[in-house]
Amino acid sequence: MTTNKRTAKATQESLHSIFTIPEAPDSTLGLIEKEISENLAGFLGNHIAAKERALSEIEKDFASSAIPEEPSFVSDHTRHILDKVVAQSVHTSSPSFIGHMTSALPYFILPLSKLMVGLNQNLVKIETSKAFTPLERQVLGMMHRLVYQDNDHFYEQWMHSANHSLGAFCSGGTVANLTAFWVARNNLLKADGDFKGIAREGLFNALKHYKYDGLVILVSDRGHYSLKKSADILGIGQDSVISIPTDGHNRIDCQKLREKCLELKQRNIRVLSIVGVAGTTETGNIDPLDKMADIAEEFQTHFHVDAAWGGATLLSNKYRPLLKGIERADSVTIDAHKQMYVPMGAGLVVFKNPASVASIEHHAEYILRKGSKDLGSHTLEGSRPGMAMLVYASLHIISRPGYEMLINQGIDRARYFAKRINQHADFELITEPELCLLTYRYNPKAVQNLLASSSAEQQDKINDLLDDLTKFIQKRQRENGKSFVSRTRIEVQRYQGRKTVVFRVVLANPLTSNEILNDVLVEQLELAQESETFLPDLLSLT
Ligand SMILES: *Cc1c(COP(=O)(O)O)cnc(C)c1O
């Protein structure tokens, strides 16, 4: 902590200096800059406190709502940030933190991010972004090609065309999904005769004009919660996102999907979009996209693929076939900030038809003039940073074969971990990894045997105790700060679809070794023994 606090003054001179004079190399900020550019992992390891403080304690550091009347010296405040913020943040890039979809970043991201922030380009319009606009269009072209594999001529024709867009870059998968449905909705309920289109007249008049009794989105019960937000904002309501049951591998049941489409048609309810998930957030499974595309075609419905997390798998020639059928989607969401190792704030949606974004086109007099190449005329967000540059740089520096290695290694590592869990008498694998994500839980051999010979009712009782134990272990492990797995609740078929608490692991960090994975299990075994009620209660049943 700072001892005798210096006081700064808000003067013209001091204000001028914070815009012009960089901190000296040996100042706190200068030293941080040096340390993070030389060794980010070391810096984070040194400054993030391992042992977790209670959130209620941390909140006390952020209690005042008063805007300071007195300025702080840069160095003093930087020290304050190190103590109060950095120390209490989460070490997302640690190789033993295997519970998040946000992973480690390659070191070049740091200086390039600084460059991007320093340039402070605004991608909403050409006037404030210049080269960043064609760069972003090129990135969208590359990602479009990754999904749809059209030929050179196609990209020459559309990539930089003012009135078309191969996609939209945005802050993440949520906005990407919303943009996809916005486009689908406006194309479905477009202007027709006297009706000026939903964009002008709204949902009420649109349904009246087209004589529909409702509008729904269909997705498996593993769909991401962002779809409900979209439905809410688009005016059709969260209950209009209809969940279709999944099979034993967490993939949508296509027969049930088709039956639902038939039923809705009879009820005069229009399907706005069928959504395939390529890499479910909880289990990492991929829907049968090809079959879903057939159904979407049969019912003349927009087909969207939410590949926010799993889309990067397309960079692997080996695993690309798992997503077969994605090229038939009308729109596809991919988050570069998940499996493409780009920092957060990099999502995108690509459209099969470069003309489809016309349905959400907006113009204004001072910017986004008709015929301009301003990206803002086809995006939900207005002012937007040049994040596309980081995707651009990663695609060049890592390249497709580099990404393929990262993707393949992640999947191999997940399979290794699944094998270890299966081999271990006291762990139970809940979902097999299809990509680099799996779920499991601690479940002692004796309890596993008991479950196998129990009635459904008894199973529920045992599983309730196991849920408590899983929660206990996960929380303790997080608090200890050595390693981290996440936790979710999913329906497990082997227990009659009971919602069961499980550990969830995402293995995208190339620095996560087999040894680290083994250590995670060892730690969980030890933590289980620390439980004073759940484990003894369980064992007393056996
Ligand atoms: C992460 C995720 C989203 C949401 O993306 P954000 O970038 O968090 O907004 C949507 N769908 C799926 C399948 C995801 O994994």
# chains A, B, ... in the order shown; residues from 1 in each chain; ligands from 1
>>> closest_atom_pairs(of="chain A", to="ligand 1", cutoff="6 Å", atoms="only C-alpha atoms and all ligand atoms", output="tab-separated table")
residue	atom	partner	partner_atom_place_in_ligand_line	distance
A:Gly172	CA	ligand 1	7 (O)	3.5
A:Gly173	CA	ligand 1	5 (O)	3.2
A:Thr174	CA	ligand 1	9 (O)	3.6
A:His224	CA	ligand 1	11 (N)	4.9
A:Ser226	CA	ligand 1	10 (C)	5.8
A:Thr280	CA	ligand 1	13 (C)	5.1
A:Thr281	CA	ligand 1	15 (O)	4.3
A:Asp306	CA	ligand 1	13 (C)	5.5
A:Ala307	CA	ligand 1	13 (C)	5.8
A:Ala308	CA	ligand 1	12 (C)	4.7
A:Trp309	CA	ligand 1	15 (O)	4.5
A:Asp335	CA	ligand 1	7 (O)	5.9
>>> write_last_selection(atoms="C-alpha atoms", output="CSV table (one decimal), in the first residue's frame")
chain,number,residue,atom,x,y,z
A,172,GLY,CA,-19.8,-11.2,-29.6
A,173,GLY,CA,-22.0,-14.2,-30.2
A,174,THR,CA,-25.0,-12.6,-28.6
A,224,HIS,CA,-27.6,-20.8,-25.8
A,226,SER,CA,-28.7,-15.5,-26.0
A,280,THR,CA,-23.1,-26.5,-27.5
A,281,THR,CA,-21.9,-24.3,-24.6
A,306,ASP,CA,-24.8,-20.9,-33.8
A,307,ALA,CA,-21.2,-21.8,-34.1
A,308,ALA,CA,-20.0,-19.2,-31.6
A,309,TRP,CA,-17.8,-21.6,-29.8
A,335,ASP,CA,-16.9,-15.9,-32.0
>>> residues_around(residues="segment 403-405 of chain A", least_positions_apart="6", cutoff="8 Å", atoms="only C-alpha atoms", output="VMD selection string")
chain A and resid 313 315 to 318 340
>>> write_last_selection(atoms="C-alpha atoms", output="compact mmCIF listing (two decimals), in the first residue's frame")
# COMPACT_ATOMS: atom_id res chain seq x y z
CA THR A 313 -13.27 -26.20 -35.85
CA LEU A 315 -10.04 -24.41 -39.56
CA SER A 316 -9.14 -28.05 -38.93
CA ASN A 317 -9.29 -30.17 -42.09
CA LYS A 318 -9.39 -33.21 -39.85
CA MET A 340 -9.56 -18.27 -32.21
>>> residues_around(residues="Asn39 of chain A", least_positions_apart="5", cutoff="12 Å", atoms="only C-alpha atoms", output="PDB file with C-alpha atoms, in the first residue's frame")
ATOM      1  CA  LEU A  31       7.493  -1.051 -15.335  1.00  0.00           C
ATOM      2  CA  ILE A  32       4.143  -2.736 -15.902  1.00  0.00           C
ATOM      3  CA  GLU A  33       4.385  -2.069 -19.611  1.00  0.00           C
ATOM      4  CA  LYS A  34       7.848  -3.583 -19.699  1.00  0.00           C
ATOM      5  CA  LEU A  44      -0.251 -12.281 -14.326  1.00  0.00           C
ATOM      6  CA  GLY A  45       1.157 -15.081 -12.211  1.00  0.00           C
ATOM      7  CA  ASN A  46       2.934 -12.569  -9.980  1.00  0.00           C
ATOM      8  CA  PRO A 106      -0.701 -15.313 -27.942  1.00  0.00           C
ATOM      9  CA  TYR A 107       1.795 -12.662 -26.883  1.00  0.00           C
ATOM     10  CA  PHE A 108       1.609 -10.646 -30.138  1.00  0.00           C
ATOM     11  CA  LEU A 110      -0.799  -7.401 -26.556  1.00  0.00           C
TER      12      LEU A 110
END
>>> select_by_dssp(residues="segment 38-201 of chain A", states="helix (DSSP H, G or I)", output="VMD selection string")
chain A and resid 38 40 to 47 55 to 60 74 to 86 109 to 119 126 to 128 132 to 148 152 to 158 173 to 188 198 to 201
>>> atom_distance(atom1="atom CA of Tyr225 of chain A", atom2="atom CA of Gly279 of chain A")
14.0 Å
>>> closest_residue(among="A:Leu135, A:Cys170, A:Ala104, A:Leu189", to="Pro343 of chain A", atoms="only C-alpha atoms")
A:Ala104
>>> residues_around(residues="Glu52 of chain A", least_positions_apart="5", cutoff="9 Å", atoms="only C-alpha atoms", output="VMD selection string")
chain A and resid 88 478 to 481
>>> write_last_selection(atoms="C-alpha atoms", output="PDB file, in the first residue's frame")
ATOM      1  CA  GLN A  88      -8.489  -9.908  -7.455  1.00  0.00           C
ATOM      2  CA  ARG A 478     -11.897 -22.277  -7.223  1.00  0.00           C
ATOM      3  CA  GLU A 479     -11.268 -20.690  -3.844  1.00  0.00           C
ATOM      4  CA  ASN A 480      -7.922 -22.442  -3.450  1.00  0.00           C
ATOM      5  CA  GLY A 481      -6.862 -20.794  -6.693  1.00  0.00           C
TER       6      GLY A 481
END
>>> atom_distance(atom1="atom CA of Gly99 of chain A", atom2="atom CA of Ala41 of chain A")
18.0 Å
>>> select_by_dssp(residues="segment 237-417 of chain A", states="strand (DSSP E)", output="NGL selection string")
:A and (241-244 or 270-277 or 302-306 or 331-335 or 347-351)
>>> write_last_selection(atoms="N, CA, C and O atoms", output="tab-separated table (two decimals), in the first residue's frame")
chain	number	residue	atom	x	y	z
A	241	VAL	N	-39.09	-19.01	-28.29
A	241	VAL	CA	-37.94	-19.89	-28.59
A	241	VAL	C	-38.36	-21.27	-28.10
A	241	VAL	O	-38.49	-21.51	-26.90
A	242	ILE	N	-38.62	-22.16	-29.05
A	242	ILE	CA	-39.14	-23.48	-28.68
A	242	ILE	C	-38.00	-24.49	-28.64
A	242	ILE	O	-37.23	-24.62	-29.60
A	243	SER	N	-37.89	-25.18	-27.50
A	243	SER	CA	-36.82	-26.17	-27.31
A	243	SER	C	-37.25	-27.51	-27.90
A	243	SER	O	-38.32	-28.01	-27.57
A	244	ILE	N	-36.38	-28.08	-28.70
A	244	ILE	CA	-36.62	-29.42	-29.25
A	244	ILE	C	-35.72	-30.38	-28.46
A	244	ILE	O	-34.54	-30.08	-28.24
A	270	ARG	N	-45.56	-19.21	-37.95
A	270	ARG	CA	-44.45	-19.23	-38.88
A	270	ARG	C	-43.14	-19.44	-38.13
A	270	ARG	O	-42.89	-18.79	-37.12
A	271	VAL	N	-42.29	-20.35	-38.64
A	271	VAL	CA	-40.97	-20.53	-38.06
A	271	VAL	C	-40.05	-19.45	-38.63
A	271	VAL	O	-39.82	-19.40	-39.83
A	272	LEU	N	-39.57	-18.59	-37.77
A	272	LEU	CA	-38.66	-17.52	-38.20
A	272	LEU	C	-37.30	-18.11	-38.53
A	272	LEU	O	-36.66	-17.76	-39.52
A	273	SER	N	-36.84	-19.04	-37.70
A	273	SER	CA	-35.53	-19.63	-37.95
A	273	SER	C	-35.40	-20.97	-37.23
A	273	SER	O	-35.88	-21.12	-36.10
A	274	ILE	N	-34.79	-21.91	-37.93
A	274	ILE	CA	-34.35	-23.14	-37.28
A	274	ILE	C	-32.87	-22.93	-36.95
A	274	ILE	O	-32.12	-22.46	-37.81
A	275	VAL	N	-32.50	-23.22	-35.71
A	275	VAL	CA	-31.11	-22.95	-35.30
A	275	VAL	C	-30.37	-24.25	-34.98
A	275	VAL	O	-30.80	-25.02	-34.11
A	276	GLY	N	-29.30	-24.48	-35.69
A	276	GLY	CA	-28.42	-25.59	-35.36
A	276	GLY	C	-27.31	-25.08	-34.46
A	276	GLY	O	-26.84	-23.96	-34.63
A	277	VAL	N	-26.89	-25.88	-33.49
A	277	VAL	CA	-25.79	-25.47	-32.63
A	277	VAL	C	-24.56	-26.29	-33.01
A	277	VAL	O	-24.62	-27.52	-33.06
A	302	HIS	N	-35.59	-19.90	-42.68
A	302	HIS	CA	-34.21	-19.46	-42.46
A	302	HIS	C	-33.50	-20.50	-41.58
A	302	HIS	O	-34.03	-20.95	-40.57
A	303	PHE	N	-32.28	-20.86	-41.97
A	303	PHE	CA	-31.49	-21.81	-41.19
A	303	PHE	C	-30.25	-21.08	-40.67
A	303	PHE	O	-29.44	-20.59	-41.44
A	304	HIS	N	-30.19	-21.00	-39.34
A	304	HIS	CA	-29.04	-20.31	-38.72
A	304	HIS	C	-28.20	-21.35	-37.97
A	304	HIS	O	-28.75	-22.26	-37.35
A	305	VAL	N	-26.89	-21.21	-38.02
A	305	VAL	CA	-26.04	-22.08	-37.20
A	305	VAL	C	-25.31	-21.22	-36.17
A	305	VAL	O	-24.61	-20.27	-36.52
A	306	ASP	N	-25.53	-21.55	-34.90
A	306	ASP	CA	-24.82	-20.88	-33.82
A	306	ASP	C	-23.53	-21.65	-33.56
A	306	ASP	O	-23.51	-22.63	-32.82
A	331	SER	N	-27.20	-18.20	-42.30
A	331	SER	CA	-26.33	-17.35	-41.50
A	331	SER	C	-25.60	-18.20	-40.46
A	331	SER	O	-26.11	-19.22	-40.02
A	332	VAL	N	-24.40	-17.77	-40.12
A	332	VAL	CA	-23.58	-18.52	-39.16
A	332	VAL	C	-22.89	-17.54	-38.21
A	332	VAL	O	-22.27	-16.57	-38.66
A	333	THR	N	-23.02	-17.81	-36.91
A	333	THR	CA	-22.33	-17.00	-35.89
A	333	THR	C	-21.01	-17.67	-35.50
A	333	THR	O	-21.00	-18.87	-35.24
A	334	ILE	N	-19.95	-16.90	-35.46
A	334	ILE	CA	-18.66	-17.42	-34.94
A	334	ILE	C	-18.04	-16.36	-34.02
A	334	ILE	O	-18.01	-15.18	-34.37
A	335	ASP	N	-17.60	-16.78	-32.86
A	335	ASP	CA	-16.89	-15.88	-31.95
A	335	ASP	C	-15.39	-16.07	-32.14
A	335	ASP	O	-14.87	-17.15	-31.86
A	347	GLY	N	-16.88	-10.89	-32.20
A	347	GLY	CA	-17.86	-11.85	-32.71
A	347	GLY	C	-18.20	-11.49	-34.13
A	347	GLY	O	-17.93	-10.37	-34.58
A	348	LEU	N	-18.78	-12.43	-34.85
A	348	LEU	CA	-19.22	-12.10	-36.20
A	348	LEU	C	-20.30	-13.06	-36.66
A	348	LEU	O	-20.43	-14.16	-36.15
A	349	VAL	N	-21.07	-12.56	-37.64
A	349	VAL	CA	-22.05	-13.42	-38.28
A	349	VAL	C	-21.80	-13.29	-39.78
A	349	VAL	O	-21.51	-12.20	-40.27
A	350	VAL	N	-21.82	-14.42	-40.49
A	350	VAL	CA	-21.68	-14.36	-41.95
A	350	VAL	C	-22.99	-14.82	-42.58
A	350	VAL	O	-23.73	-15.64	-42.01
A	351	PHE	N	-23.28	-14.25	-43.75
A	351	PHE	CA	-24.52	-14.56	-44.46
A	351	PHE	C	-24.21	-15.23	-45.79
A	351	PHE	O	-23.35	-14.75	-46.54
>>> residues_around(residues="Gly237 of chain A", least_positions_apart="6", cutoff="12 Å", atoms="only C-alpha atoms", output="list of chain:residue names")
A:Leu203, A:Gly214, A:Leu215, A:Val216, A:Ile217, A:Leu227, A:Lys228, A:Lys229, A:Ser230, A:Ala231
>>> atom_distance(atom1="atom CA of Asp467 of chain A", atom2="atom CA of Glu432 of chain A")
19.4 Å
>>> residues_around(residues="Gln474 of chain A", least_positions_apart="3", cutoff="12 Å", atoms="only C-alpha atoms", output="NGL selection string")
:A and (99 or 440-442 or 467-471 or 477-488 or 501-505 or 520-521 or 523-528 or 531)
>>> residues_around(residues="segment 124-132 of chain A", least_positions_apart="6", cutoff="9 Å", atoms="only C-alpha atoms", output="PDB file with N, CA, C and O atoms, in the first residue's frame")
ATOM      1  N   ILE A 367     -23.553  10.499 -41.856  1.00  0.00           N
ATOM      2  CA  ILE A 367     -22.725   9.333 -42.145  1.00  0.00           C
ATOM      3  C   ILE A 367     -23.614   8.287 -42.768  1.00  0.00           C
ATOM      4  O   ILE A 367     -24.815   8.471 -42.867  1.00  0.00           O
ATOM      5  N   LEU A 368     -23.035   7.184 -43.127  1.00  0.00           N
ATOM      6  CA  LEU A 368     -23.797   6.058 -43.664  1.00  0.00           C
ATOM      7  C   LEU A 368     -24.647   6.492 -44.846  1.00  0.00           C
ATOM      8  O   LEU A 368     -25.782   6.059 -45.008  1.00  0.00           O
ATOM      9  N   SER A 372     -22.332   4.529 -49.725  1.00  0.00           N
ATOM     10  CA  SER A 372     -21.033   4.595 -49.056  1.00  0.00           C
ATOM     11  C   SER A 372     -20.645   3.199 -48.616  1.00  0.00           C
ATOM     12  O   SER A 372     -21.488   2.299 -48.559  1.00  0.00           O
ATOM     13  N   LYS A 373     -19.397   3.006 -48.292  1.00  0.00           N
ATOM     14  CA  LYS A 373     -18.961   1.681 -47.840  1.00  0.00           C
ATOM     15  C   LYS A 373     -18.943   1.588 -46.320  1.00  0.00           C
ATOM     16  O   LYS A 373     -18.385   0.660 -45.751  1.00  0.00           O
ATOM     17  N   ASP A 374     -19.572   2.539 -45.674  1.00  0.00           N
ATOM     18  CA  ASP A 374     -19.597   2.563 -44.212  1.00  0.00           C
ATOM     19  C   ASP A 374     -20.167   1.261 -43.656  1.00  0.00           C
ATOM     20  O   ASP A 374     -21.284   0.868 -43.989  1.00  0.00           O
ATOM     21  N   LEU A 375     -19.406   0.619 -42.790  1.00  0.00           N
ATOM     22  CA  LEU A 375     -19.854  -0.659 -42.226  1.00  0.00           C
ATOM     23  C   LEU A 375     -21.061  -0.472 -41.312  1.00  0.00           C
ATOM     24  O   LEU A 375     -21.867  -1.375 -41.129  1.00  0.00           O
ATOM     25  N   GLY A 376     -21.190   0.738 -40.765  1.00  0.00           N
ATOM     26  CA  GLY A 376     -22.272   1.014 -39.822  1.00  0.00           C
ATOM     27  C   GLY A 376     -23.669   0.898 -40.402  1.00  0.00           C
ATOM     28  O   GLY A 376     -24.641   0.788 -39.653  1.00  0.00           O
ATOM     29  N   SER A 377     -23.785   0.916 -41.741  1.00  0.00           N
ATOM     30  CA  SER A 377     -25.135   0.817 -42.302  1.00  0.00           C
ATOM     31  C   SER A 377     -25.684  -0.602 -42.203  1.00  0.00           C
ATOM     32  O   SER A 377     -26.863  -0.825 -42.404  1.00  0.00           O
ATOM     33  N   THR A 379     -24.777  -2.793 -39.406  1.00  0.00           N
ATOM     34  CA  THR A 379     -24.493  -3.371 -38.093  1.00  0.00           C
ATOM     35  C   THR A 379     -25.447  -2.809 -37.055  1.00  0.00           C
ATOM     36  O   THR A 379     -25.948  -1.692 -37.191  1.00  0.00           O
ATOM     37  N   GLU A 381     -24.565  -2.382 -33.826  1.00  0.00           N
ATOM     38  CA  GLU A 381     -23.792  -1.439 -33.025  1.00  0.00           C
ATOM     39  C   GLU A 381     -23.397  -0.229 -33.871  1.00  0.00           C
ATOM     40  O   GLU A 381     -23.242  -0.345 -35.089  1.00  0.00           O
ATOM     41  N   GLY A 382     -23.236   0.898 -33.219  1.00  0.00           N
ATOM     42  CA  GLY A 382     -22.758   2.093 -33.899  1.00  0.00           C
ATOM     43  C   GLY A 382     -21.244   2.147 -33.805  1.00  0.00           C
ATOM     44  O   GLY A 382     -20.558   1.343 -34.428  1.00  0.00           O
ATOM     45  N   SER A 383     -20.714   3.028 -32.989  1.00  0.00           N
ATOM     46  CA  SER A 383     -19.264   3.136 -32.817  1.00  0.00           C
ATOM     47  C   SER A 383     -18.695   1.787 -32.409  1.00  0.00           C
ATOM     48  O   SER A 383     -19.219   1.123 -31.523  1.00  0.00           O
ATOM     49  N   ARG A 384     -17.640   1.392 -33.096  1.00  0.00           N
ATOM     50  CA  ARG A 384     -17.102   0.059 -32.886  1.00  0.00           C
ATOM     51  C   ARG A 384     -15.594   0.084 -33.075  1.00  0.00           C
ATOM     52  O   ARG A 384     -15.091   0.740 -33.989  1.00  0.00           O
ATOM     53  N   PRO A 385     -14.839  -0.631 -32.224  1.00  0.00           N
ATOM     54  CA  PRO A 385     -13.376  -0.599 -32.336  1.00  0.00           C
ATOM     55  C   PRO A 385     -12.860  -1.496 -33.466  1.00  0.00           C
ATOM     56  O   PRO A 385     -13.618  -2.302 -34.013  1.00  0.00           O
ATOM     57  N   GLY A 386     -11.585  -1.370 -33.747  1.00  0.00           N
ATOM     58  CA  GLY A 386     -10.979  -2.120 -34.848  1.00  0.00           C
ATOM     59  C   GLY A 386     -10.534  -3.523 -34.463  1.00  0.00           C
ATOM     60  O   GLY A 386      -9.463  -3.985 -34.877  1.00  0.00           O
ATOM     61  N   ALA A 388     -11.318  -6.238 -35.606  1.00  0.00           N
ATOM     62  CA  ALA A 388     -11.094  -7.118 -36.761  1.00  0.00           C
ATOM     63  C   ALA A 388      -9.599  -7.226 -37.068  1.00  0.00           C
ATOM     64  O   ALA A 388      -9.138  -8.247 -37.588  1.00  0.00           O
ATOM     65  N   MET A 389      -8.846  -6.169 -36.713  1.00  0.00           N
ATOM     66  CA  MET A 389      -7.396  -6.212 -36.960  1.00  0.00           C
ATOM     67  C   MET A 389      -6.727  -7.354 -36.200  1.00  0.00           C
ATOM     68  O   MET A 389      -5.764  -7.947 -36.670  1.00  0.00           O
TER      69      MET A 389
END
>>> closest_residue(among="A:Ser37, A:Ser64, A:Gln458, A:Thr283", to="Glu434 of chain A", atoms="only C-alpha atoms")
A:Thr283
>>> closest_residue(among="A:Ser171, A:Ser65, A:Ser56, A:Asn353", to="Ala184 of chain A", atoms="only C-alpha atoms")
A:Asn353
>>> decode(residues="segment 446-507 of chain A", atoms="C-alpha atoms", output="PDB file, in the first residue's frame")
ATOM      1  CA  ALA A 446     -19.077 -47.850  -4.255  1.00  0.00           C
ATOM      2  CA  VAL A 447     -21.653 -45.142  -4.947  1.00  0.00           C
ATOM      3  CA  GLN A 448     -21.535 -45.879  -8.683  1.00  0.00           C
ATOM      4  CA  ASN A 449     -22.314 -49.506  -7.914  1.00  0.00           C
ATOM      5  CA  LEU A 450     -25.122 -48.515  -5.609  1.00  0.00           C
ATOM      6  CA  LEU A 451     -26.628 -46.237  -8.280  1.00  0.00           C
ATOM      7  CA  ALA A 452     -26.548 -49.064 -10.788  1.00  0.00           C
ATOM      8  CA  SER A 453     -28.664 -51.286  -8.546  1.00  0.00           C
ATOM      9  CA  SER A 454     -31.029 -48.601  -7.199  1.00  0.00           C
ATOM     10  CA  SER A 455     -34.610 -47.758  -8.013  1.00  0.00           C
ATOM     11  CA  ALA A 456     -35.251 -44.458  -9.795  1.00  0.00           C
ATOM     12  CA  GLU A 457     -36.393 -42.935  -6.533  1.00  0.00           C
ATOM     13  CA  GLN A 458     -33.294 -44.033  -4.667  1.00  0.00           C
ATOM     14  CA  GLN A 459     -31.124 -42.821  -7.563  1.00  0.00           C
ATOM     15  CA  ASP A 460     -32.603 -39.355  -7.182  1.00  0.00           C
ATOM     16  CA  LYS A 461     -31.688 -39.271  -3.522  1.00  0.00           C
ATOM     17  CA  ILE A 462     -28.114 -40.368  -4.242  1.00  0.00           C
ATOM     18  CA  ASN A 463     -27.799 -37.905  -7.114  1.00  0.00           C
ATOM     19  CA  ASP A 464     -28.995 -35.067  -4.871  1.00  0.00           C
ATOM     20  CA  LEU A 465     -26.112 -35.803  -2.526  1.00  0.00           C
ATOM     21  CA  LEU A 466     -23.676 -36.112  -5.429  1.00  0.00           C
ATOM     22  CA  ASP A 467     -24.890 -32.710  -6.706  1.00  0.00           C
ATOM     23  CA  ASP A 468     -24.048 -31.149  -3.357  1.00  0.00           C
ATOM     24  CA  LEU A 469     -20.656 -32.818  -3.344  1.00  0.00           C
ATOM     25  CA  THR A 470     -19.854 -31.654  -6.888  1.00  0.00           C
ATOM     26  CA  LYS A 471     -20.771 -28.090  -5.941  1.00  0.00           C
ATOM     27  CA  PHE A 472     -18.657 -28.312  -2.796  1.00  0.00           C
ATOM     28  CA  ILE A 473     -15.574 -29.569  -4.657  1.00  0.00           C
ATOM     29  CA  GLN A 474     -15.900 -27.053  -7.481  1.00  0.00           C
ATOM     30  CA  LYS A 475     -16.249 -24.129  -5.110  1.00  0.00           C
ATOM     31  CA  ARG A 476     -13.322 -25.199  -2.896  1.00  0.00           C
ATOM     32  CA  GLN A 477     -11.109 -25.747  -5.912  1.00  0.00           C
ATOM     33  CA  ARG A 478     -11.897 -22.277  -7.223  1.00  0.00           C
ATOM     34  CA  GLU A 479     -11.268 -20.690  -3.844  1.00  0.00           C
ATOM     35  CA  ASN A 480      -7.922 -22.442  -3.450  1.00  0.00           C
ATOM     36  CA  GLY A 481      -6.862 -20.794  -6.693  1.00  0.00           C
ATOM     37  CA  LYS A 482      -4.533 -23.512  -7.997  1.00  0.00           C
ATOM     38  CA  SER A 483      -6.876 -24.751 -10.688  1.00  0.00           C
ATOM     39  CA  PHE A 484     -10.379 -24.131 -11.936  1.00  0.00           C
ATOM     40  CA  VAL A 485     -13.086 -26.158 -13.647  1.00  0.00           C
ATOM     41  CA  SER A 486     -16.567 -24.763 -14.202  1.00  0.00           C
ATOM     42  CA  ARG A 487     -19.847 -26.268 -13.185  1.00  0.00           C
ATOM     43  CA  THR A 488     -23.199 -26.662 -14.890  1.00  0.00           C
ATOM     44  CA  ARG A 489     -26.404 -28.669 -14.604  1.00  0.00           C
ATOM     45  CA  ILE A 490     -27.447 -30.862 -17.494  1.00  0.00           C
ATOM     46  CA  GLU A 491     -30.043 -33.555 -18.148  1.00  0.00           C
ATOM     47  CA  VAL A 492     -28.364 -36.948 -18.040  1.00  0.00           C
ATOM     48  CA  GLN A 493     -30.099 -39.738 -19.949  1.00  0.00           C
ATOM     49  CA  ARG A 494     -28.625 -42.523 -17.845  1.00  0.00           C
ATOM     50  CA  TYR A 495     -30.511 -40.991 -14.906  1.00  0.00           C
ATOM     51  CA  GLN A 496     -33.827 -40.605 -16.746  1.00  0.00           C
ATOM     52  CA  GLY A 497     -32.984 -37.105 -17.951  1.00  0.00           C
ATOM     53  CA  ARG A 498     -32.469 -35.814 -14.420  1.00  0.00           C
ATOM     54  CA  LYS A 499     -30.781 -32.409 -14.270  1.00  0.00           C
ATOM     55  CA  THR A 500     -27.446 -33.248 -12.724  1.00  0.00           C
ATOM     56  CA  VAL A 501     -24.612 -31.042 -11.495  1.00  0.00           C
ATOM     57  CA  VAL A 502     -21.342 -31.716 -13.343  1.00  0.00           C
ATOM     58  CA  PHE A 503     -17.846 -30.321 -13.748  1.00  0.00           C
ATOM     59  CA  ARG A 504     -17.325 -28.738 -17.151  1.00  0.00           C
ATOM     60  CA  VAL A 505     -13.908 -28.566 -18.748  1.00  0.00           C
ATOM     61  CA  VAL A 506     -12.785 -26.696 -21.877  1.00  0.00           C
ATOM     62  CA  LEU A 507      -9.313 -27.664 -23.100  1.00  0.00           C
TER      63      LEU A 507
END
